[in-house]
Protein chains: 2
Amino acid sequence: MTKGSLREKVLRVRENAIVDVVNRLLAEKGFEQMTVDEIAADVGIAKASLYKHFASKEALAAAAIERLLERALEVARQLDERADVPALGRLRALVRWGVKLQLAGEMPVLPLHHPSVRAEFVGARPCAELLTQLSDLLGAWILRAQADGEVDRSFPLELVLYTLYARAADPVPGLLKTAGQHDDAQVVEWVVQTLFAGLGARPS
Amino acid sequence: MTKGSLREKVLRVRENAIVDVVNRLLAEKGFEQMTVDEIAADVGIAKASLYKHFASKEALAAAAIERLLERALEVARQLDERADVPALGRLRALVRWGVKLQLAGEMPVLPLHHPSVRAEFVGARPCAELLTQLSDLLGAWILRAQADGEVDRSFPLELVLYTLYARAADPVPGLLKTAGQHDDAQVVEWVVQTLFAGLGARPS
DNA sequence: GTCTATAGCCAGATAGAC
DNA sequence: GTCTATCTGGCTATAGAC
């Protein structure tokens with residue numbers, strides 16, 4: 001166990017470094033524009049070595065998404081403990097976390113219409129499982145927020161859930177940041193406000 | 001002029017058919033997944049013939065976007081004539097038009113982070129010009145809606161403009177449609193409502 | 001497990017006859 | 001302007017030495 005676990009630890013560290021690079025490149029240029037050559041160059045190892053760790057480019061992307069889901073789930077579970085925060089507040093907090101991640105250039109994005117990506121993603125048990133867990137948690141919050149009268153009761157659960165998820169890949173934060181002029185915190189608040197309260201004027 | 005204009009007319013019809021196919025494929029699978037071979041096959045001509053009409057794959061995509069912008073501008077100008085409709089109503093109507101187009105599978109989508117696509121798009125004078133005209137028109141509506149107290153006055157113009165544009169490529173309508181269960185009209189109304197009034201419960 | 005070198009493939013673009 | 005046939009480059013993936 002001594003030597004074996006040490007080797008495994010080194011291996012984990014290396015694979016984590018790989019996933020870091022993949023995550024960043026997925027955020028920067030997306031799956032198709034990201035090349036395996038570039039991943040290898042950025043990590044600082046040969047391309048063939050990458051394939052000793054991950055079976056395919058799709059597996060690399062799936063690993064990045066899996067880690068994202070793990071982190072999101074961790075954040076969500078911490079929020080779930082906070083009995084003092086209302087359901088709507090938890091939803092807002094999680095969206096804030098996601099938008100901040102996106103502005104930091106760390107939100108990987110996948111083209112889910114791409115057949116091979118889809119296949120790998122649903123084939124990767126951990127990813128599907130994590131997504132289910134996260135959705136279950138969020139679904140409970142949404143139902144609670146509707147019961148509390150904080151979210152429109154006429155909206156079906158899936159409409160709210162999809163709308164929340166979609167903000168993670170929304171181009172608006174990035175565009176506003178690129179336009180300059182505004183700092184990240186301001187952008188986050190605007191996006192959260194338009195998401196929950198819409199573009200309309202708030203009742204004064 | 002007789003023979004020349006006839007030939008030109010035939011040419012226009014053929015190019016229009018090409019753009020139809022490109023538009024549909026861009027809506028279906030996006031720029032990268034769309035192949036020139038498939039375009040040629042769907043149009044029913046040889047690939048080399050395509051390149052007699054358009055210089056590159058990017059030019060094909062730009063042509064589809066240009067036609068989309070022409071149509072959007074036409075719809076916007078018609079709405080602009082309607083003195084009886086308030087500014088917010090015009091904005092809602094244009095968004096409805098866009099979401100319907102998307103649900104019909106006719107909203108082409110471009111990856112604007114893709115360098116060569118960006119270059120072609122900004123290099124294509126007509127596209128840039130049309131986008132500017134559309135944005136000017138929408139900008140005027142937005143300012144008017146803010147003056148009328150229908151849109152939050154604290155929002156900068158670009159936030160509102162980007163948010164409106166982003167709905168044209170939003171995945172939510174497609175996801176809701178795929179989930180089945182709901183008809184298009186219902187999906188359109190939900191998306192428009194969440195855009196302008198947010199997820200929050202409306203004051204009763 | 002890491003490397004260099006290369007196979008195999010696919011898609012964008014072109015040559016040249018008609 | 002249309003076609004068939006081909007070129008070219010870039011990308012994923014692997015072979016094989018160490």
# chains A, B, ... in the order shown; residues from 1 in each chain; ligands from 1
$ residues_around --residues "Asp80 in chain A" --least-positions-apart "6" --cutoff "9 Å" --atoms "only C-alpha atoms (C1' of nucleotides)" --output "ChimeraX atom specification"
/A:87,90,137,141
$ interface_residues --of "chain B" --to "chain A" --cutoff "10 Å" --atoms "only C-alpha atoms" --output "short mmCIF file (atom, residue, chain, number, x, y, z; two decimals) with all heavy atoms, in the first residue's frame"
data_model
loop_
_atom_site.label_atom_id
_atom_site.label_comp_id
_atom_site.auth_asym_id
_atom_site.auth_seq_id
_atom_site.Cartn_x
_atom_site.Cartn_y
_atom_site.Cartn_z
N GLU B 28 -29.78 23.28 -37.06
CA GLU B 28 -29.78 21.90 -36.58
C GLU B 28 -28.54 21.52 -35.80
O GLU B 28 -28.60 20.94 -34.74
CB GLU B 28 -29.89 20.93 -37.77
CG GLU B 28 -31.30 20.52 -38.12
CD GLU B 28 -31.31 19.62 -39.35
OE1 GLU B 28 -30.31 18.90 -39.57
OE2 GLU B 28 -32.29 19.66 -40.11
N LYS B 29 -27.37 21.82 -36.38
CA LYS B 29 -26.14 21.29 -35.80
C LYS B 29 -25.04 22.30 -35.55
O LYS B 29 -23.99 21.93 -35.04
CB LYS B 29 -25.60 20.15 -36.68
CG LYS B 29 -25.89 20.36 -38.15
CD LYS B 29 -26.07 19.11 -39.01
CE LYS B 29 -25.20 17.94 -38.68
NZ LYS B 29 -25.42 16.84 -39.65
N GLY B 30 -25.25 23.54 -35.91
CA GLY B 30 -24.23 24.55 -35.68
C GLY B 30 -23.14 24.54 -36.73
O GLY B 30 -23.07 23.65 -37.58
N GLU B 32 -19.73 24.16 -36.79
CA GLU B 32 -18.63 23.20 -36.87
C GLU B 32 -19.12 21.83 -37.32
O GLU B 32 -18.43 21.16 -38.08
CB GLU B 32 -17.94 23.09 -35.51
CG GLU B 32 -18.24 24.26 -34.60
CD GLU B 32 -16.98 24.94 -34.12
OE1 GLU B 32 -15.92 24.74 -34.73
OE2 GLU B 32 -17.09 25.66 -33.14
N GLN B 33 -20.29 21.44 -36.87
CA GLN B 33 -20.81 20.13 -37.23
C GLN B 33 -21.40 20.10 -38.64
O GLN B 33 -21.62 19.05 -39.20
CB GLN B 33 -21.87 19.69 -36.22
CG GLN B 33 -21.31 19.11 -34.94
CD GLN B 33 -20.48 17.88 -35.20
OE1 GLN B 33 -19.25 17.92 -35.11
NE2 GLN B 33 -21.11 16.78 -35.53
N LEU B 88 -42.34 48.51 -24.89
CA LEU B 88 -42.17 47.18 -24.32
C LEU B 88 -42.89 46.13 -25.16
O LEU B 88 -42.38 45.02 -25.35
CB LEU B 88 -42.72 47.14 -22.88
CG LEU B 88 -42.49 45.82 -22.14
CD1 LEU B 88 -41.01 45.62 -21.86
CD2 LEU B 88 -43.28 45.77 -20.83
N PRO B 111 -20.84 30.17 -33.83
CA PRO B 111 -19.91 30.26 -32.69
C PRO B 111 -19.05 31.50 -32.87
O PRO B 111 -18.08 31.48 -33.62
CB PRO B 111 -19.08 28.98 -32.81
CG PRO B 111 -19.11 28.65 -34.26
CD PRO B 111 -20.30 29.30 -34.88
N HIS B 113 -16.96 32.83 -30.96
CA HIS B 113 -15.60 32.78 -30.43
C HIS B 113 -14.66 32.16 -31.45
O HIS B 113 -13.46 32.29 -31.34
CB HIS B 113 -15.57 32.01 -29.11
CG HIS B 113 -16.32 30.73 -29.15
ND1 HIS B 113 -17.67 30.66 -28.93
CD2 HIS B 113 -15.92 29.46 -29.41
CE1 HIS B 113 -18.07 29.40 -29.04
NE2 HIS B 113 -17.03 28.66 -29.34
N HIS B 114 -15.25 31.46 -32.43
CA HIS B 114 -14.44 30.84 -33.47
C HIS B 114 -13.79 31.96 -34.30
O HIS B 114 -14.47 32.74 -34.96
CB HIS B 114 -15.34 29.98 -34.34
CG HIS B 114 -14.58 29.05 -35.25
ND1 HIS B 114 -14.92 27.72 -35.40
CD2 HIS B 114 -13.51 29.24 -36.03
CE1 HIS B 114 -14.10 27.16 -36.25
NE2 HIS B 114 -13.23 28.08 -36.64
N PRO B 115 -12.45 32.00 -34.32
CA PRO B 115 -11.74 33.12 -34.95
C PRO B 115 -12.13 33.36 -36.40
O PRO B 115 -12.44 34.49 -36.78
CB PRO B 115 -10.27 32.71 -34.84
CG PRO B 115 -10.22 31.75 -33.71
CD PRO B 115 -11.53 31.03 -33.71
N ALA B 145 -38.75 52.49 -23.52
CA ALA B 145 -39.38 51.65 -22.49
C ALA B 145 -38.90 52.04 -21.09
O ALA B 145 -39.67 52.02 -20.12
CB ALA B 145 -39.10 50.17 -22.76
N GLN B 146 -37.64 52.43 -21.00
CA GLN B 146 -37.13 52.87 -19.70
C GLN B 146 -37.77 54.20 -19.30
O GLN B 146 -38.14 54.40 -18.14
CB GLN B 146 -35.60 53.00 -19.74
CG GLN B 146 -34.91 51.63 -19.76
CD GLN B 146 -33.40 51.74 -19.77
OE1 GLN B 146 -32.83 52.55 -20.52
NE2 GLN B 146 -32.74 50.93 -18.98
N ASP B 148 -40.64 55.16 -20.12
CA ASP B 148 -42.03 54.87 -19.77
C ASP B 148 -42.15 54.11 -18.45
O ASP B 148 -43.26 53.82 -18.01
CB ASP B 148 -42.70 54.03 -20.87
CG ASP B 148 -42.85 54.82 -22.17
OD1 ASP B 148 -42.68 56.05 -22.14
OD2 ASP B 148 -43.15 54.20 -23.22
N GLY B 149 -41.01 53.74 -17.88
CA GLY B 149 -41.05 52.98 -16.63
C GLY B 149 -41.39 51.52 -16.83
O GLY B 149 -41.81 50.83 -15.90
N GLU B 150 -41.21 51.02 -18.06
CA GLU B 150 -41.54 49.62 -18.33
C GLU B 150 -40.33 48.71 -18.23
O GLU B 150 -40.46 47.50 -18.09
CB GLU B 150 -42.16 49.49 -19.72
CG GLU B 150 -43.50 50.21 -19.84
CD GLU B 150 -44.03 50.12 -21.26
OE1 GLU B 150 -43.26 50.34 -22.21
OE2 GLU B 150 -45.23 49.83 -21.41
N VAL B 151 -39.16 49.30 -18.36
CA VAL B 151 -37.91 48.54 -18.20
C VAL B 151 -37.09 49.24 -17.12
O VAL B 151 -37.03 50.48 -17.07
CB VAL B 151 -37.13 48.47 -19.52
CG1 VAL B 151 -35.68 48.05 -19.28
CG2 VAL B 151 -37.80 47.49 -20.49
N ASP B 152 -36.46 48.43 -16.29
CA ASP B 152 -35.68 48.95 -15.17
C ASP B 152 -34.70 50.03 -15.64
O ASP B 152 -33.86 49.79 -16.51
CB ASP B 152 -34.94 47.80 -14.50
CG ASP B 152 -34.40 48.19 -13.14
OD1 ASP B 152 -33.69 49.22 -13.05
OD2 ASP B 152 -34.69 47.48 -12.16
N ARG B 153 -34.81 51.21 -15.05
CA ARG B 153 -33.98 52.34 -15.49
C ARG B 153 -32.51 52.20 -15.08
O ARG B 153 -31.64 52.87 -15.63
CB ARG B 153 -34.52 53.65 -14.91
CG ARG B 153 -35.83 54.13 -15.55
CD ARG B 153 -36.10 55.57 -15.11
NE ARG B 153 -37.29 56.13 -15.73
CZ ARG B 153 -38.52 56.04 -15.23
NH1 ARG B 153 -38.70 55.40 -14.08
NH2 ARG B 153 -39.55 56.59 -15.85
N SER B 154 -32.25 51.33 -14.12
CA SER B 154 -30.86 51.20 -13.66
C SER B 154 -30.04 50.32 -14.59
O SER B 154 -28.81 50.25 -14.48
CB SER B 154 -30.83 50.61 -12.23
OG SER B 154 -31.14 49.23 -12.26
N PHE B 155 -30.70 49.63 -15.52
CA PHE B 155 -29.98 48.75 -16.44
C PHE B 155 -29.35 49.55 -17.57
O PHE B 155 -30.03 50.34 -18.23
CB PHE B 155 -30.92 47.70 -17.06
CG PHE B 155 -31.41 46.67 -16.10
CD1 PHE B 155 -32.61 46.01 -16.33
CD2 PHE B 155 -30.69 46.35 -14.95
CE1 PHE B 155 -33.09 45.05 -15.45
CE2 PHE B 155 -31.16 45.38 -14.07
CZ PHE B 155 -32.35 44.74 -14.32
N PRO B 156 -28.06 49.34 -17.82
CA PRO B 156 -27.46 49.99 -18.99
C PRO B 156 -28.04 49.38 -20.27
O PRO B 156 -28.46 48.22 -20.29
CB PRO B 156 -25.97 49.67 -18.86
CG PRO B 156 -25.91 48.45 -18.02
CD PRO B 156 -27.09 48.51 -17.10
N GLU B 158 -26.70 48.24 -22.93
CA GLU B 158 -26.07 47.03 -23.45
C GLU B 158 -26.52 45.77 -22.70
O GLU B 158 -26.65 44.71 -23.30
CB GLU B 158 -24.55 47.14 -23.40
CG GLU B 158 -24.03 47.45 -22.01
CD GLU B 158 -22.56 47.85 -22.02
OE1 GLU B 158 -21.91 47.71 -23.07
OE2 GLU B 158 -22.06 48.32 -20.97
N LEU B 159 -26.79 45.90 -21.41
CA LEU B 159 -27.29 44.74 -20.67
C LEU B 159 -28.61 44.26 -21.26
O LEU B 159 -28.80 43.07 -21.52
CB LEU B 159 -27.49 45.10 -19.18
CG LEU B 159 -28.24 44.06 -18.35
CD1 LEU B 159 -27.50 42.75 -18.27
CD2 LEU B 159 -28.51 44.60 -16.94
N VAL B 160 -29.51 45.19 -21.50
CA VAL B 160 -30.83 44.83 -22.03
C VAL B 160 -30.69 44.28 -23.45
O VAL B 160 -31.27 43.25 -23.80
CB VAL B 160 -31.77 46.04 -22.01
CG1 VAL B 160 -33.15 45.65 -22.53
CG2 VAL B 160 -31.87 46.61 -20.60
N LEU B 161 -29.88 44.95 -24.26
CA LEU B 161 -29.70 44.54 -25.66
C LEU B 161 -29.11 43.14 -25.76
O LEU B 161 -29.62 42.27 -26.48
CB LEU B 161 -28.81 45.56 -26.37
CG LEU B 161 -28.80 45.54 -27.90
CD1 LEU B 161 -30.19 45.76 -28.46
CD2 LEU B 161 -27.84 46.61 -28.43
N TYR B 162 -28.04 42.89 -25.03
CA TYR B 162 -27.41 41.57 -25.06
C TYR B 162 -28.36 40.50 -24.55
O TYR B 162 -28.41 39.40 -25.08
CB TYR B 162 -26.13 41.55 -24.19
CG TYR B 162 -25.01 42.41 -24.70
CD1 TYR B 162 -23.92 42.75 -23.89
CD2 TYR B 162 -24.98 42.87 -26.01
CE1 TYR B 162 -22.87 43.53 -24.35
CE2 TYR B 162 -23.94 43.65 -26.48
CZ TYR B 162 -22.88 43.98 -25.64
OH TYR B 162 -21.84 44.75 -26.10
N THR B 163 -29.10 40.83 -23.51
CA THR B 163 -30.03 39.85 -22.95
C THR B 163 -31.10 39.47 -23.96
O THR B 163 -31.47 38.30 -24.10
CB THR B 163 -30.67 40.40 -21.66
OG1 THR B 163 -29.64 40.72 -20.72
CG2 THR B 163 -31.62 39.38 -21.03
N LEU B 164 -31.57 40.46 -24.70
CA LEU B 164 -32.57 40.17 -25.73
C LEU B 164 -31.97 39.31 -26.84
O LEU B 164 -32.54 38.29 -27.24
CB LEU B 164 -33.10 41.48 -26.33
CG LEU B 164 -33.94 42.35 -25.39
CD1 LEU B 164 -34.23 43.71 -26.04
CD2 LEU B 164 -35.24 41.66 -25.03
N TYR B 165 -30.82 39.70 -27.33
CA TYR B 165 -30.17 38.93 -28.40
C TYR B 165 -29.89 37.49 -27.95
O TYR B 165 -30.06 36.53 -28.71
CB TYR B 165 -28.86 39.58 -28.82
CG TYR B 165 -29.01 40.75 -29.77
CD1 TYR B 165 -28.13 41.82 -29.74
CD2 TYR B 165 -30.03 40.78 -30.72
CE1 TYR B 165 -28.25 42.90 -30.61
CE2 TYR B 165 -30.16 41.84 -31.59
CZ TYR B 165 -29.28 42.90 -31.54
OH TYR B 165 -29.40 43.95 -32.41
N ALA B 166 -29.46 37.35 -26.72
CA ALA B 166 -29.07 36.03 -26.23
C ALA B 166 -30.23 35.04 -26.26
O ALA B 166 -30.03 33.84 -26.43
CB ALA B 166 -28.50 36.13 -24.82
N ARG B 167 -31.44 35.54 -26.13
CA ARG B 167 -32.59 34.63 -26.14
C ARG B 167 -32.77 33.96 -27.49
O ARG B 167 -33.43 32.93 -27.59
CB ARG B 167 -33.87 35.37 -25.76
CG ARG B 167 -33.99 35.68 -24.29
CD ARG B 167 -33.58 34.50 -23.41
NE ARG B 167 -32.77 34.98 -22.30
CZ ARG B 167 -31.49 34.70 -22.17
NH1 ARG B 167 -30.86 33.94 -23.04
NH2 ARG B 167 -30.80 35.16 -21.16
N ALA B 169 -30.55 32.49 -29.14
CA ALA B 169 -29.77 31.25 -29.17
C ALA B 169 -29.93 30.47 -27.86
O ALA B 169 -29.18 29.54 -27.61
CB ALA B 169 -28.30 31.56 -29.41
N ASP B 170 -30.89 30.86 -27.05
CA ASP B 170 -31.09 30.22 -25.76
C ASP B 170 -31.48 28.76 -25.94
O ASP B 170 -32.32 28.44 -26.78
CB ASP B 170 -32.18 30.94 -24.98
CG ASP B 170 -32.06 30.68 -23.49
OD1 ASP B 170 -30.94 30.76 -22.97
OD2 ASP B 170 -33.08 30.39 -22.85
N PRO B 171 -30.88 27.85 -25.18
CA PRO B 171 -31.24 26.44 -25.33
C PRO B 171 -32.57 26.07 -24.68
O PRO B 171 -33.11 25.01 -24.97
CB PRO B 171 -30.08 25.71 -24.63
CG PRO B 171 -29.55 26.69 -23.64
CD PRO B 171 -29.77 28.05 -24.24
N VAL B 172 -33.08 26.93 -23.82
CA VAL B 172 -34.27 26.56 -23.04
C VAL B 172 -35.49 26.21 -23.90
O VAL B 172 -36.11 25.16 -23.68
CB VAL B 172 -34.62 27.66 -22.01
CG1 VAL B 172 -35.95 27.38 -21.35
CG2 VAL B 172 -33.51 27.77 -20.97
N PRO B 173 -35.84 27.02 -24.90
CA PRO B 173 -37.01 26.64 -25.71
C PRO B 173 -36.85 25.27 -26.34
O PRO B 173 -37.78 24.45 -26.29
CB PRO B 173 -37.06 27.73 -26.78
CG PRO B 173 -36.32 28.89 -26.21
CD PRO B 173 -35.28 28.32 -25.31
N LEU B 175 -35.03 22.76 -25.33
CA LEU B 175 -35.10 21.71 -24.31
C LEU B 175 -36.54 21.44 -23.90
O LEU B 175 -36.96 20.29 -23.77
CB LEU B 175 -34.29 22.13 -23.07
CG LEU B 175 -32.77 22.11 -23.23
CD1 LEU B 175 -32.08 22.75 -22.03
CD2 LEU B 175 -32.28 20.68 -23.40
N LEU B 176 -37.30 22.51 -23.71
CA LEU B 176 -38.70 22.33 -23.31
C LEU B 176 -39.49 21.63 -24.40
O LEU B 176 -40.35 20.80 -24.12
CB LEU B 176 -39.33 23.70 -23.00
CG LEU B 176 -38.91 24.33 -21.69
CD1 LEU B 176 -39.46 25.74 -21.57
CD2 LEU B 176 -39.37 23.48 -20.51
N ALA B 179 -38.52 18.01 -24.40
CA ALA B 179 -39.13 17.31 -23.26
C ALA B 179 -40.56 16.90 -23.59
O ALA B 179 -41.17 16.12 -22.86
CB ALA B 179 -39.10 18.21 -22.03
N VAL B 187 -44.60 27.33 -24.84
CA VAL B 187 -43.16 27.53 -24.62
C VAL B 187 -42.78 28.97 -24.88
O VAL B 187 -42.06 29.61 -24.09
CB VAL B 187 -42.34 26.57 -25.51
CG1 VAL B 187 -40.85 26.94 -25.44
CG2 VAL B 187 -42.55 25.13 -25.08
N TRP B 190 -43.88 31.22 -22.01
CA TRP B 190 -43.06 31.05 -20.81
C TRP B 190 -41.72 31.75 -20.95
O TRP B 190 -41.26 32.43 -20.03
CB TRP B 190 -42.82 29.55 -20.56
CG TRP B 190 -43.93 28.88 -19.82
CD1 TRP B 190 -44.81 29.45 -18.94
CD2 TRP B 190 -44.26 27.49 -19.86
NE1 TRP B 190 -45.68 28.51 -18.45
CE2 TRP B 190 -45.37 27.29 -18.99
CE3 TRP B 190 -43.75 26.39 -20.53
CZ2 TRP B 190 -45.95 26.05 -18.78
CZ3 TRP B 190 -44.33 25.14 -20.32
CH2 TRP B 190 -45.43 24.98 -19.46
N VAL B 191 -41.09 31.56 -22.11
CA VAL B 191 -39.78 32.17 -22.30
C VAL B 191 -39.88 33.69 -22.27
O VAL B 191 -39.07 34.37 -21.63
CB VAL B 191 -39.17 31.69 -23.64
CG1 VAL B 191 -37.92 32.50 -23.96
CG2 VAL B 191 -38.84 30.21 -23.58
N VAL B 192 -40.90 34.23 -22.93
CA VAL B 192 -41.07 35.68 -22.93
C VAL B 192 -41.33 36.19 -21.52
O VAL B 192 -40.80 37.21 -21.09
CB VAL B 192 -42.21 36.09 -23.89
CG1 VAL B 192 -42.53 37.57 -23.73
CG2 VAL B 192 -41.82 35.77 -25.33
N GLN B 193 -42.16 35.42 -20.78
CA GLN B 193 -42.47 35.88 -19.42
C GLN B 193 -41.23 35.86 -18.52
O GLN B 193 -40.98 36.81 -17.78
CB GLN B 193 -43.58 35.04 -18.79
CG GLN B 193 -44.00 35.61 -17.42
CD GLN B 193 -45.04 34.76 -16.71
OE1 GLN B 193 -45.72 33.95 -17.33
NE2 GLN B 193 -45.15 34.95 -15.40
N THR B 194 -40.48 34.76 -18.58
CA THR B 194 -39.29 34.70 -17.72
C THR B 194 -38.28 35.76 -18.12
O THR B 194 -37.55 36.28 -17.28
CB THR B 194 -38.61 33.31 -17.78
OG1 THR B 194 -38.24 33.04 -19.12
CG2 THR B 194 -39.53 32.23 -17.26
N LEU B 195 -38.26 36.11 -19.40
CA LEU B 195 -37.33 37.14 -19.84
C LEU B 195 -37.69 38.51 -19.29
O LEU B 195 -36.86 39.22 -18.74
CB LEU B 195 -37.29 37.19 -21.37
CG LEU B 195 -36.52 38.34 -22.00
CD1 LEU B 195 -35.08 38.36 -21.52
CD2 LEU B 195 -36.57 38.24 -23.52
N PHE B 196 -38.97 38.87 -19.37
CA PHE B 196 -39.36 40.22 -18.98
C PHE B 196 -39.77 40.34 -17.51
O PHE B 196 -39.56 41.37 -16.90
CB PHE B 196 -40.48 40.74 -19.88
CG PHE B 196 -40.01 41.07 -21.27
CD1 PHE B 196 -40.13 40.17 -22.31
CD2 PHE B 196 -39.41 42.30 -21.51
CE1 PHE B 196 -39.67 40.47 -23.59
CE2 PHE B 196 -38.95 42.61 -22.79
CZ PHE B 196 -39.07 41.70 -23.82
N ALA B 197 -40.33 39.26 -16.97
CA ALA B 197 -40.79 39.34 -15.58
C ALA B 197 -39.98 38.46 -14.64
O ALA B 197 -40.20 38.50 -13.43
CB ALA B 197 -42.27 38.98 -15.49
N GLY B 198 -39.08 37.65 -15.18
CA GLY B 198 -38.24 36.81 -14.31
C GLY B 198 -38.95 35.57 -13.82
O GLY B 198 -40.08 35.28 -14.20
N LEU B 199 -38.25 34.83 -12.99
CA LEU B 199 -38.81 33.60 -12.43
C LEU B 199 -39.72 33.88 -11.25
O LEU B 199 -40.54 33.05 -10.87
CB LEU B 199 -37.67 32.67 -11.98
CG LEU B 199 -36.77 32.10 -13.08
CD1 LEU B 199 -35.60 31.35 -12.46
CD2 LEU B 199 -37.57 31.17 -13.98
N GLY B 200 -39.54 35.04 -10.67
CA GLY B 200 -40.26 35.36 -9.45
C GLY B 200 -41.77 35.40 -9.65
O GLY B 200 -42.27 35.55 -10.76
N ALA B 201 -42.49 35.24 -8.56
CA ALA B 201 -43.94 35.30 -8.61
C ALA B 201 -44.37 36.71 -8.97
O ALA B 201 -43.76 37.70 -8.53
CB ALA B 201 -44.53 34.90 -7.26
N ARG B 202 -45.36 36.82 -9.81
CA ARG B 202 -45.87 38.14 -10.18
C ARG B 202 -46.74 38.66 -9.05
O ARG B 202 -47.49 37.91 -8.43
CB ARG B 202 -46.69 38.04 -11.46
CG ARG B 202 -46.14 37.02 -12.41
CD ARG B 202 -46.75 37.18 -13.77
NE ARG B 202 -46.26 38.41 -14.40
CZ ARG B 202 -46.47 38.71 -15.67
NH1 ARG B 202 -47.17 37.91 -16.44
NH2 ARG B 202 -45.98 39.82 -16.18
N PRO B 203 -46.68 39.95 -8.78
CA PRO B 203 -47.55 40.54 -7.74
C PRO B 203 -49.00 40.30 -8.12
O PRO B 203 -49.41 40.59 -9.25
CB PRO B 203 -47.20 42.02 -7.78
CG PRO B 203 -46.42 42.23 -9.05
CD PRO B 203 -45.80 40.93 -9.39
#
$ interface_residues --of "chain D" --to "chain B" --cutoff "10 Å" --atoms "only C-alpha atoms (C1' of nucleotides)" --output "list in words"
DG1, DT2, DC3 and DT4 of chain D
$ interface_residues --of "chain C" --to "chain A" --cutoff "10 Å" --atoms "only C-alpha atoms (C1' of nucleotides)" --output "NGL selection string"
:C and (1-4)
$ write_last_selection --atoms "all heavy atoms" --output "tab-separated table (two decimals), in the first residue's frame"
chain	number	residue	atom	x	y	z
C	1	DG	P	1.09	4.45	-13.83
C	1	DG	OP1	-0.19	4.32	-14.39
C	1	DG	OP2	1.93	3.65	-13.02
C	1	DG	O5'	1.95	5.40	-14.74
C	1	DG	C5'	2.83	4.85	-15.75
C	1	DG	C4'	3.72	5.99	-16.16
C	1	DG	O4'	4.78	5.48	-16.99
C	1	DG	C3'	3.04	7.03	-17.03
C	1	DG	O3'	3.87	8.18	-17.02
C	1	DG	C2'	3.07	6.36	-18.38
C	1	DG	C1'	4.47	5.77	-18.36
C	1	DG	N9	4.62	4.51	-19.12
C	1	DG	C8	3.71	3.50	-19.29
C	1	DG	N7	4.18	2.53	-20.03
C	1	DG	C5	5.48	2.93	-20.36
C	1	DG	C6	6.48	2.30	-21.13
C	1	DG	O6	6.43	1.21	-21.70
C	1	DG	N1	7.64	3.07	-21.19
C	1	DG	C2	7.82	4.27	-20.57
C	1	DG	N2	9.00	4.85	-20.73
C	1	DG	N3	6.89	4.87	-19.85
C	1	DG	C4	5.76	4.15	-19.79
C	2	DT	P	3.32	9.62	-17.39
C	2	DT	OP1	3.51	10.53	-16.23
C	2	DT	OP2	2.01	9.45	-18.01
C	2	DT	O5'	4.35	10.07	-18.51
C	2	DT	C5'	5.72	10.23	-18.17
C	2	DT	C4'	6.60	10.07	-19.39
C	2	DT	O4'	6.55	8.69	-19.84
C	2	DT	C3'	6.12	10.85	-20.62
C	2	DT	O3'	6.77	12.12	-20.71
C	2	DT	C2'	6.54	9.96	-21.80
C	2	DT	C1'	6.98	8.67	-21.18
C	2	DT	N1	6.41	7.47	-21.86
C	2	DT	C2	7.18	6.77	-22.74
C	2	DT	O2	8.33	7.06	-23.00
C	2	DT	N3	6.55	5.69	-23.33
C	2	DT	C4	5.25	5.27	-23.12
C	2	DT	O4	4.81	4.29	-23.71
C	2	DT	C5	4.51	6.06	-22.19
C	2	DT	C7	3.09	5.69	-21.90
C	2	DT	C6	5.10	7.11	-21.61
C	3	DC	P	6.41	13.07	-21.92
C	3	DC	OP1	6.97	14.41	-21.61
C	3	DC	OP2	4.97	12.91	-22.13
C	3	DC	O5'	7.17	12.46	-23.19
C	3	DC	C5'	8.55	12.73	-23.37
C	3	DC	C4'	9.13	11.82	-24.44
C	3	DC	O4'	8.60	10.49	-24.26
C	3	DC	C3'	8.76	12.20	-25.87
C	3	DC	O3'	9.70	13.12	-26.39
C	3	DC	C2'	8.82	10.86	-26.60
C	3	DC	C1'	8.60	9.82	-25.51
C	3	DC	N1	7.29	9.09	-25.63
C	3	DC	C2	7.21	7.95	-26.44
C	3	DC	O2	8.23	7.58	-27.06
C	3	DC	N3	6.04	7.28	-26.53
C	3	DC	C4	4.97	7.70	-25.84
C	3	DC	N4	3.84	7.01	-25.95
C	3	DC	C5	5.02	8.86	-25.01
C	3	DC	C6	6.19	9.53	-24.94
C	4	DT	P	9.35	13.94	-27.70
C	4	DT	OP1	10.28	15.08	-27.78
C	4	DT	OP2	7.90	14.20	-27.70
C	4	DT	O5'	9.65	12.92	-28.88
C	4	DT	C5'	10.93	12.29	-29.02
C	4	DT	C4'	10.95	11.40	-30.25
C	4	DT	O4'	9.99	10.32	-30.08
C	4	DT	C3'	10.56	12.10	-31.54
C	4	DT	O3'	11.35	11.58	-32.63
C	4	DT	C2'	9.09	11.76	-31.71
C	4	DT	C1'	9.02	10.35	-31.12
C	4	DT	N1	7.72	10.01	-30.52
C	4	DT	C2	7.09	8.83	-30.85
C	4	DT	O2	7.56	8.01	-31.63
C	4	DT	N3	5.89	8.61	-30.23
C	4	DT	C4	5.25	9.45	-29.32
C	4	DT	O4	4.18	9.15	-28.83
C	4	DT	C5	5.97	10.67	-29.03
C	4	DT	C7	5.37	11.65	-28.07
C	4	DT	C6	7.14	10.90	-29.63
$ residues_around --residues "Val109 in chain A" --least-positions-apart "3" --cutoff "10 Å" --atoms "only C-alpha atoms (C1' of nucleotides)" --output "PyMOL selection string"
chain A and resi 23-31+61+64-65+102+106+112+168-169
$ residues_around --residues "range 7-12 of chain D" --least-positions-apart "3" --cutoff "12 Å" --atoms "only C-alpha atoms (C1' of nucleotides)" --output "PyMOL selection string"
(chain A and resi 32-38+47-48+51+55-58) or (chain C and resi 7-15)
